[in-house]
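A short worksheet on the structure shown next.
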Amino acid sequence: QVQLVESGGGLVQPGGSLRLSCVASGSIVSINVMSWYRQAPGKERELVAVTASGSTNYAPSVKGRFTISRDNAKNTVYLEMNSLKPEDTAVYYCYANYWVAQGKLSSWGQGTQVTVSS
């Protein structure tokens, strides 16, 4: 059983910064894709940032403000969020696509709340 556990969310003022972490644990052979999604109240879940095969991509709304990075040795993905805006308020979810002995699987984390407010 593979689990993804996020941490680092919280309350921050507009213009502030937060760093989210997501650790994947379990019988993982290798991880293909790690990404961050978010879901604001009343809205659909949206892709924020993704890292795979050494490349990264970002949603236009966060490009230049957010940075996704990955530590393969620790099966961990990070999301550095700077210049936060109230519209960044959402539950942030980690997602991973990975190989186990039985084949390819994917998992979601439980989510971490990010609130940007003065």
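By convention here, the chains of the structure tokens are called A, B, ... in the order presented, each chain's residues are numbered starting at 1, and ligands are numbered starting at 1 in the order presented.
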So which residues touch segment 71-86 of chain A within 9 Å, counting only C-alpha atoms, skipping near sequence neighbours fewer than 6 positions away, as a PDB file with all heavy atoms, in the first residue's frame?
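Generated output (out21.pdb):
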```
ATOM      1  N   VAL A  12      -1.672  32.326   5.619  1.00  0.00           N
ATOM      2  CA  VAL A  12      -0.607  33.266   5.278  1.00  0.00           C
ATOM      3  C   VAL A  12      -1.232  34.544   4.720  1.00  0.00           C
ATOM      4  O   VAL A  12      -2.309  34.490   4.112  1.00  0.00           O
ATOM      5  CB  VAL A  12       0.375  32.636   4.269  1.00  0.00           C
ATOM      6  CG1 VAL A  12      -0.311  32.322   2.953  1.00  0.00           C
ATOM      7  CG2 VAL A  12       1.605  33.508   4.061  1.00  0.00           C
ATOM      8  N   GLN A  13      -0.563  35.652   4.928  1.00  0.00           N
ATOM      9  CA  GLN A  13      -1.065  36.917   4.406  1.00  0.00           C
ATOM     10  C   GLN A  13      -0.765  37.040   2.921  1.00  0.00           C
ATOM     11  O   GLN A  13       0.188  36.425   2.418  1.00  0.00           O
ATOM     12  CB  GLN A  13      -0.424  38.078   5.163  1.00  0.00           C
ATOM     13  CG  GLN A  13      -0.868  38.185   6.616  1.00  0.00           C
ATOM     14  CD  GLN A  13      -0.347  39.443   7.279  1.00  0.00           C
ATOM     15  OE1 GLN A  13       0.595  40.076   6.797  1.00  0.00           O
ATOM     16  NE2 GLN A  13      -0.955  39.810   8.397  1.00  0.00           N
ATOM     17  N   PRO A  14      -1.546  37.830   2.211  1.00  0.00           N
ATOM     18  CA  PRO A  14      -1.237  38.074   0.787  1.00  0.00           C
ATOM     19  C   PRO A  14       0.194  38.576   0.624  1.00  0.00           C
ATOM     20  O   PRO A  14       0.662  39.412   1.405  1.00  0.00           O
ATOM     21  CB  PRO A  14      -2.254  39.142   0.399  1.00  0.00           C
ATOM     22  CG  PRO A  14      -3.407  38.915   1.314  1.00  0.00           C
ATOM     23  CD  PRO A  14      -2.797  38.494   2.624  1.00  0.00           C
ATOM     24  N   GLY A  15       0.857  38.031  -0.385  1.00  0.00           N
ATOM     25  CA  GLY A  15       2.261  38.361  -0.618  1.00  0.00           C
ATOM     26  C   GLY A  15       3.231  37.455   0.107  1.00  0.00           C
ATOM     27  O   GLY A  15       4.440  37.525  -0.148  1.00  0.00           O
ATOM     28  N   GLY A  16       2.716  36.615   0.978  1.00  0.00           N
ATOM     29  CA  GLY A  16       3.559  35.713   1.747  1.00  0.00           C
ATOM     30  C   GLY A  16       3.932  34.453   0.987  1.00  0.00           C
ATOM     31  O   GLY A  16       3.603  34.300  -0.192  1.00  0.00           O
ATOM     32  N   SER A  17       4.609  33.556   1.697  1.00  0.00           N
ATOM     33  CA  SER A  17       5.123  32.327   1.092  1.00  0.00           C
ATOM     34  C   SER A  17       4.794  31.127   1.969  1.00  0.00           C
ATOM     35  O   SER A  17       4.668  31.250   3.196  1.00  0.00           O
ATOM     36  CB  SER A  17       6.639  32.411   0.915  1.00  0.00           C
ATOM     37  OG  SER A  17       6.994  33.482   0.065  1.00  0.00           O
ATOM     38  N   LEU A  18       4.666  29.991   1.318  1.00  0.00           N
ATOM     39  CA  LEU A  18       4.520  28.708   1.991  1.00  0.00           C
ATOM     40  C   LEU A  18       5.248  27.661   1.174  1.00  0.00           C
ATOM     41  O   LEU A  18       5.386  27.801  -0.049  1.00  0.00           O
ATOM     42  CB  LEU A  18       3.047  28.299   2.117  1.00  0.00           C
ATOM     43  CG  LEU A  18       2.187  28.910   3.223  1.00  0.00           C
ATOM     44  CD1 LEU A  18       0.749  28.438   3.081  1.00  0.00           C
ATOM     45  CD2 LEU A  18       2.732  28.569   4.594  1.00  0.00           C
ATOM     46  N   ARG A  19       5.670  26.602   1.860  1.00  0.00           N
ATOM     47  CA  ARG A  19       6.289  25.470   1.176  1.00  0.00           C
ATOM     48  C   ARG A  19       5.536  24.204   1.556  1.00  0.00           C
ATOM     49  O   ARG A  19       5.497  23.836   2.734  1.00  0.00           O
ATOM     50  CB  ARG A  19       7.755  25.333   1.559  1.00  0.00           C
ATOM     51  CG  ARG A  19       8.508  24.301   0.741  1.00  0.00           C
ATOM     52  CD  ARG A  19       9.845  23.989   1.352  1.00  0.00           C
ATOM     53  NE  ARG A  19      10.739  23.323   0.429  1.00  0.00           N
ATOM     54  CZ  ARG A  19      11.721  22.511   0.812  1.00  0.00           C
ATOM     55  NH1 ARG A  19      11.911  22.272   2.095  1.00  0.00           N
ATOM     56  NH2 ARG A  19      12.513  21.944  -0.083  1.00  0.00           N
ATOM     57  N   LEU A  20       4.958  23.552   0.559  1.00  0.00           N
ATOM     58  CA  LEU A  20       4.266  22.291   0.771  1.00  0.00           C
ATOM     59  C   LEU A  20       5.209  21.129   0.481  1.00  0.00           C
ATOM     60  O   LEU A  20       6.065  21.221  -0.397  1.00  0.00           O
ATOM     61  CB  LEU A  20       3.046  22.185  -0.137  1.00  0.00           C
ATOM     62  CG  LEU A  20       2.027  23.324  -0.067  1.00  0.00           C
ATOM     63  CD1 LEU A  20       0.844  23.017  -0.990  1.00  0.00           C
ATOM     64  CD2 LEU A  20       1.564  23.565   1.350  1.00  0.00           C
ATOM     65  N   SER A  21       5.024  20.047   1.228  1.00  0.00           N
ATOM     66  CA  SER A  21       5.784  18.822   1.010  1.00  0.00           C
ATOM     67  C   SER A  21       4.821  17.651   0.871  1.00  0.00           C
ATOM     68  O   SER A  21       3.741  17.647   1.479  1.00  0.00           O
ATOM     69  CB  SER A  21       6.723  18.552   2.184  1.00  0.00           C
ATOM     70  OG  SER A  21       7.638  19.598   2.367  1.00  0.00           O
ATOM     71  N   CYS A  22       5.231  16.674   0.086  1.00  0.00           N
ATOM     72  CA  CYS A  22       4.443  15.457  -0.065  1.00  0.00           C
ATOM     73  C   CYS A  22       5.406  14.278  -0.119  1.00  0.00           C
ATOM     74  O   CYS A  22       6.258  14.226  -1.006  1.00  0.00           O
ATOM     75  CB  CYS A  22       3.605  15.513  -1.332  1.00  0.00           C
ATOM     76  SG  CYS A  22       2.780  13.961  -1.749  1.00  0.00           S
ATOM     77  N   VAL A  23       5.256  13.372   0.820  1.00  0.00           N
ATOM     78  CA  VAL A  23       6.118  12.203   0.892  1.00  0.00           C
ATOM     79  C   VAL A  23       5.333  10.961   0.498  1.00  0.00           C
ATOM     80  O   VAL A  23       4.240  10.711   1.028  1.00  0.00           O
ATOM     81  CB  VAL A  23       6.676  12.018   2.318  1.00  0.00           C
ATOM     82  CG1 VAL A  23       7.584  10.802   2.368  1.00  0.00           C
ATOM     83  CG2 VAL A  23       7.419  13.259   2.764  1.00  0.00           C
ATOM     84  N   ALA A  24       5.892  10.202  -0.428  1.00  0.00           N
ATOM     85  CA  ALA A  24       5.299   8.937  -0.851  1.00  0.00           C
ATOM     86  C   ALA A  24       6.003   7.800  -0.120  1.00  0.00           C
ATOM     87  O   ALA A  24       7.233   7.729  -0.124  1.00  0.00           O
ATOM     88  CB  ALA A  24       5.436   8.757  -2.355  1.00  0.00           C
ATOM     89  N   SER A  25       5.221   6.936   0.501  1.00  0.00           N
ATOM     90  CA  SER A  25       5.806   5.824   1.236  1.00  0.00           C
ATOM     91  C   SER A  25       5.090   4.528   0.861  1.00  0.00           C
ATOM     92  O   SER A  25       3.912   4.529   0.501  1.00  0.00           O
ATOM     93  CB  SER A  25       5.697   6.062   2.739  1.00  0.00           C
ATOM     94  OG  SER A  25       4.341   6.150   3.141  1.00  0.00           O
ATOM     95  N   ILE A  28       7.240   1.191  -3.338  1.00  0.00           N
ATOM     96  CA  ILE A  28       7.387   1.887  -4.614  1.00  0.00           C
ATOM     97  C   ILE A  28       8.672   1.431  -5.300  1.00  0.00           C
ATOM     98  O   ILE A  28       9.736   1.431  -4.694  1.00  0.00           O
ATOM     99  CB  ILE A  28       7.426   3.404  -4.399  1.00  0.00           C
ATOM    100  CG1 ILE A  28       6.105   3.889  -3.776  1.00  0.00           C
ATOM    101  CG2 ILE A  28       7.670   4.129  -5.721  1.00  0.00           C
ATOM    102  CD1 ILE A  28       6.147   5.327  -3.338  1.00  0.00           C
ATOM    103  N   SER A  30       9.486   2.806  -8.561  1.00  0.00           N
ATOM    104  CA  SER A  30       9.915   4.098  -9.090  1.00  0.00           C
ATOM    105  C   SER A  30       8.678   4.974  -9.287  1.00  0.00           C
ATOM    106  O   SER A  30       7.574   4.477  -9.419  1.00  0.00           O
ATOM    107  CB  SER A  30      10.668   3.950 -10.408  1.00  0.00           C
ATOM    108  OG  SER A  30       9.816   3.413 -11.399  1.00  0.00           O
ATOM    109  N   ILE A  31       8.910   6.283  -9.310  1.00  0.00           N
ATOM    110  CA  ILE A  31       7.817   7.239  -9.483  1.00  0.00           C
ATOM    111  C   ILE A  31       7.974   7.928 -10.828  1.00  0.00           C
ATOM    112  O   ILE A  31       9.041   8.443 -11.150  1.00  0.00           O
ATOM    113  CB  ILE A  31       7.780   8.270  -8.351  1.00  0.00           C
ATOM    114  CG1 ILE A  31       7.584   7.580  -7.003  1.00  0.00           C
ATOM    115  CG2 ILE A  31       6.667   9.286  -8.590  1.00  0.00           C
ATOM    116  CD1 ILE A  31       7.588   8.517  -5.815  1.00  0.00           C
ATOM    117  N   MET A  34       4.964  13.282 -10.417  1.00  0.00           N
ATOM    118  CA  MET A  34       4.479  13.837  -9.161  1.00  0.00           C
ATOM    119  C   MET A  34       3.922  15.222  -9.457  1.00  0.00           C
ATOM    120  O   MET A  34       4.541  15.990 -10.208  1.00  0.00           O
ATOM    121  CB  MET A  34       5.565  13.902  -8.096  1.00  0.00           C
ATOM    122  CG  MET A  34       6.105  12.534  -7.699  1.00  0.00           C
ATOM    123  SD  MET A  34       7.097  12.551  -6.192  1.00  0.00           S
ATOM    124  CE  MET A  34       5.820  12.428  -4.922  1.00  0.00           C
ATOM    125  N   SER A  35       2.790  15.522  -8.893  1.00  0.00           N
ATOM    126  CA  SER A  35       2.161  16.792  -9.216  1.00  0.00           C
ATOM    127  C   SER A  35       1.356  17.321  -8.041  1.00  0.00           C
ATOM    128  O   SER A  35       1.093  16.605  -7.073  1.00  0.00           O
ATOM    129  CB  SER A  35       1.262  16.645 -10.443  1.00  0.00           C
ATOM    130  OG  SER A  35       0.330  15.607 -10.250  1.00  0.00           O
ATOM    131  N   TRP A  36       0.994  18.578  -8.158  1.00  0.00           N
ATOM    132  CA  TRP A  36       0.143  19.246  -7.179  1.00  0.00           C
ATOM    133  C   TRP A  36      -1.116  19.741  -7.874  1.00  0.00           C
ATOM    134  O   TRP A  36      -1.043  20.344  -8.953  1.00  0.00           O
ATOM    135  CB  TRP A  36       0.866  20.425  -6.540  1.00  0.00           C
ATOM    136  CG  TRP A  36       1.953  20.034  -5.601  1.00  0.00           C
ATOM    137  CD1 TRP A  36       3.288  19.935  -5.873  1.00  0.00           C
ATOM    138  CD2 TRP A  36       1.805  19.692  -4.220  1.00  0.00           C
ATOM    139  NE1 TRP A  36       3.977  19.541  -4.764  1.00  0.00           N
ATOM    140  CE2 TRP A  36       3.088  19.395  -3.728  1.00  0.00           C
ATOM    141  CE3 TRP A  36       0.720  19.617  -3.351  1.00  0.00           C
ATOM    142  CZ2 TRP A  36       3.312  19.017  -2.395  1.00  0.00           C
ATOM    143  CZ3 TRP A  36       0.940  19.255  -2.034  1.00  0.00           C
ATOM    144  CH2 TRP A  36       2.221  18.956  -1.578  1.00  0.00           C
ATOM    145  N   ALA A  49       0.870  22.220 -10.734  1.00  0.00           N
ATOM    146  CA  ALA A  49       2.235  22.020 -11.215  1.00  0.00           C
ATOM    147  C   ALA A  49       2.517  20.531 -11.298  1.00  0.00           C
ATOM    148  O   ALA A  49       1.961  19.743 -10.528  1.00  0.00           O
ATOM    149  CB  ALA A  49       3.247  22.698 -10.287  1.00  0.00           C
ATOM    150  N   THR A  51       5.805  17.557 -12.262  1.00  0.00           N
ATOM    151  CA  THR A  51       7.185  17.255 -12.596  1.00  0.00           C
ATOM    152  C   THR A  51       7.287  15.801 -13.016  1.00  0.00           C
ATOM    153  O   THR A  51       6.761  14.903 -12.353  1.00  0.00           O
ATOM    154  CB  THR A  51       8.138  17.565 -11.425  1.00  0.00           C
ATOM    155  OG1 THR A  51       9.463  17.184 -11.788  1.00  0.00           O
ATOM    156  CG2 THR A  51       7.734  16.832 -10.152  1.00  0.00           C
ATOM    157  N   VAL A  62      -0.146  30.355 -11.820  1.00  0.00           N
ATOM    158  CA  VAL A  62       0.893  30.276 -10.779  1.00  0.00           C
ATOM    159  C   VAL A  62       2.299  30.390 -11.351  1.00  0.00           C
ATOM    160  O   VAL A  62       3.266  30.481 -10.593  1.00  0.00           O
ATOM    161  CB  VAL A  62       0.775  28.971  -9.962  1.00  0.00           C
ATOM    162  CG1 VAL A  62      -0.626  28.800  -9.407  1.00  0.00           C
ATOM    163  CG2 VAL A  62       1.193  27.757 -10.770  1.00  0.00           C
ATOM    164  N   GLY A  64       5.735  31.505 -12.452  1.00  0.00           N
ATOM    165  CA  GLY A  64       6.534  32.633 -11.995  1.00  0.00           C
ATOM    166  C   GLY A  64       6.434  32.877 -10.500  1.00  0.00           C
ATOM    167  O   GLY A  64       7.244  33.605  -9.926  1.00  0.00           O
ATOM    168  N   ARG A  65       5.439  32.277  -9.860  1.00  0.00           N
ATOM    169  CA  ARG A  65       5.269  32.436  -8.410  1.00  0.00           C
ATOM    170  C   ARG A  65       5.498  31.131  -7.653  1.00  0.00           C
ATOM    171  O   ARG A  65       5.986  31.148  -6.517  1.00  0.00           O
ATOM    172  CB  ARG A  65       3.848  32.944  -8.094  1.00  0.00           C
ATOM    173  CG  ARG A  65       3.523  34.283  -8.711  1.00  0.00           C
ATOM    174  CD  ARG A  65       2.167  34.803  -8.206  1.00  0.00           C
ATOM    175  NE  ARG A  65       1.065  33.933  -8.576  1.00  0.00           N
ATOM    176  CZ  ARG A  65       0.235  33.350  -7.696  1.00  0.00           C
ATOM    177  NH1 ARG A  65       0.392  33.564  -6.389  1.00  0.00           N
ATOM    178  NH2 ARG A  65      -0.761  32.593  -8.119  1.00  0.00           N
ATOM    179  N   CYS A  94      -1.572  16.343  -3.388  1.00  0.00           N
ATOM    180  CA  CYS A  94      -0.444  15.729  -4.071  1.00  0.00           C
ATOM    181  C   CYS A  94      -0.963  14.525  -4.854  1.00  0.00           C
ATOM    182  O   CYS A  94      -1.859  13.798  -4.387  1.00  0.00           O
ATOM    183  CB  CYS A  94       0.572  15.293  -3.019  1.00  0.00           C
ATOM    184  SG  CYS A  94       1.984  14.398  -3.658  1.00  0.00           S
ATOM    185  N   THR A 115      -4.686  28.862   3.113  1.00  0.00           N
ATOM    186  CA  THR A 115      -5.574  30.011   3.181  1.00  0.00           C
ATOM    187  C   THR A 115      -4.748  31.285   3.108  1.00  0.00           C
ATOM    188  O   THR A 115      -3.820  31.471   3.919  1.00  0.00           O
ATOM    189  CB  THR A 115      -6.400  30.003   4.476  1.00  0.00           C
ATOM    190  OG1 THR A 115      -7.153  28.790   4.558  1.00  0.00           O
ATOM    191  CG2 THR A 115      -7.359  31.192   4.508  1.00  0.00           C
ATOM    192  N   VAL A 116      -5.058  32.128   2.130  1.00  0.00           N
ATOM    193  CA  VAL A 116      -4.351  33.389   1.952  1.00  0.00           C
ATOM    194  C   VAL A 116      -5.328  34.512   2.291  1.00  0.00           C
ATOM    195  O   VAL A 116      -6.288  34.763   1.567  1.00  0.00           O
ATOM    196  CB  VAL A 116      -3.817  33.543   0.519  1.00  0.00           C
ATOM    197  CG1 VAL A 116      -2.987  34.833   0.416  1.00  0.00           C
ATOM    198  CG2 VAL A 116      -2.991  32.337   0.124  1.00  0.00           C
ATOM    199  N   SER A 117      -5.063  35.161   3.403  1.00  0.00           N
ATOM    200  CA  SER A 117      -6.000  36.179   3.882  1.00  0.00           C
ATOM    201  C   SER A 117      -5.290  37.126   4.833  1.00  0.00           C
ATOM    202  O   SER A 117      -4.379  36.722   5.567  1.00  0.00           O
ATOM    203  CB  SER A 117      -7.171  35.505   4.594  1.00  0.00           C
ATOM    204  OG  SER A 117      -8.035  36.475   5.162  1.00  0.00           O
ATOM    205  N   SER A 118      -5.730  38.378   4.820  1.00  0.00           N
ATOM    206  CA  SER A 118      -5.195  39.351   5.766  1.00  0.00           C
ATOM    207  C   SER A 118      -6.082  39.430   7.013  1.00  0.00           C
ATOM    208  O   SER A 118      -5.784  40.168   7.935  1.00  0.00           O
ATOM    209  CB  SER A 118      -5.097  40.731   5.103  1.00  0.00           C
ATOM    210  OG  SER A 118      -6.343  41.115   4.570  1.00  0.00           O
TER     211      SER A 118
END
```
I'd like a table as CSV: residues in segment 17-93 of chain A with an atom no more than 9 Å from segment 110-113 of chain A, each row giving the shortest atom pair and its distance in Å to one decimal, only C-alpha atoms counted, sorted by chain and rising residue number.
```
residue,atom,partner,partner_atom,distance
A:Leu20,CA,A:Thr112,CA,8.4
A:Arg38,CA,A:Gly111,CA,8.5
A:Thr89,CA,A:Gln113,CA,7.8
A:Ala90,CA,A:Gln113,CA,6.1
A:Val91,CA,A:Gln113,CA,4.4
A:Tyr92,CA,A:Thr112,CA,5.3
A:Tyr93,CA,A:Gly111,CA,4.4
```
Those selected residues, please, written with N, CA, C and O atoms and delivered as a PDB file, in the first residue's frame.
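See out_26.pdb below for the written result:
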```pdb
ATOM      1  N   LEU A  20       4.958  23.552   0.559  1.00  0.00           N
ATOM      2  CA  LEU A  20       4.266  22.291   0.771  1.00  0.00           C
ATOM      3  C   LEU A  20       5.209  21.129   0.481  1.00  0.00           C
ATOM      4  O   LEU A  20       6.065  21.221  -0.397  1.00  0.00           O
ATOM      5  N   ARG A  38      -5.112  21.612  -6.855  1.00  0.00           N
ATOM      6  CA  ARG A  38      -5.812  22.339  -5.799  1.00  0.00           C
ATOM      7  C   ARG A  38      -7.290  22.415  -6.117  1.00  0.00           C
ATOM      8  O   ARG A  38      -7.699  22.338  -7.273  1.00  0.00           O
ATOM      9  N   THR A  89      -6.158  30.459  -2.317  1.00  0.00           N
ATOM     10  CA  THR A  89      -6.777  29.714  -1.224  1.00  0.00           C
ATOM     11  C   THR A  89      -7.484  28.475  -1.759  1.00  0.00           C
ATOM     12  O   THR A  89      -8.316  28.565  -2.660  1.00  0.00           O
ATOM     13  N   ALA A  90      -7.122  27.317  -1.216  1.00  0.00           N
ATOM     14  CA  ALA A  90      -7.676  26.047  -1.687  1.00  0.00           C
ATOM     15  C   ALA A  90      -7.109  24.919  -0.825  1.00  0.00           C
ATOM     16  O   ALA A  90      -6.174  25.133  -0.042  1.00  0.00           O
ATOM     17  N   VAL A  91      -7.661  23.741  -1.020  1.00  0.00           N
ATOM     18  CA  VAL A  91      -7.032  22.533  -0.501  1.00  0.00           C
ATOM     19  C   VAL A  91      -6.088  22.039  -1.587  1.00  0.00           C
ATOM     20  O   VAL A  91      -6.494  21.878  -2.747  1.00  0.00           O
ATOM     21  N   TYR A  92      -4.849  21.831  -1.224  1.00  0.00           N
ATOM     22  CA  TYR A  92      -3.823  21.389  -2.168  1.00  0.00           C
ATOM     23  C   TYR A  92      -3.600  19.891  -1.994  1.00  0.00           C
ATOM     24  O   TYR A  92      -3.376  19.400  -0.877  1.00  0.00           O
ATOM     25  N   TYR A  93      -3.630  19.186  -3.132  1.00  0.00           N
ATOM     26  CA  TYR A  93      -3.490  17.737  -3.133  1.00  0.00           C
ATOM     27  C   TYR A  93      -2.251  17.319  -3.912  1.00  0.00           C
ATOM     28  O   TYR A  93      -1.962  17.853  -4.988  1.00  0.00           O
TER      29      TYR A  93
END
```
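Using only C-alpha atoms, the smallest distance between any of A:Thr67, A:Asp88, A:Ala96, A:Ala52 and Trp108 of chain A comes from A:Ala96.
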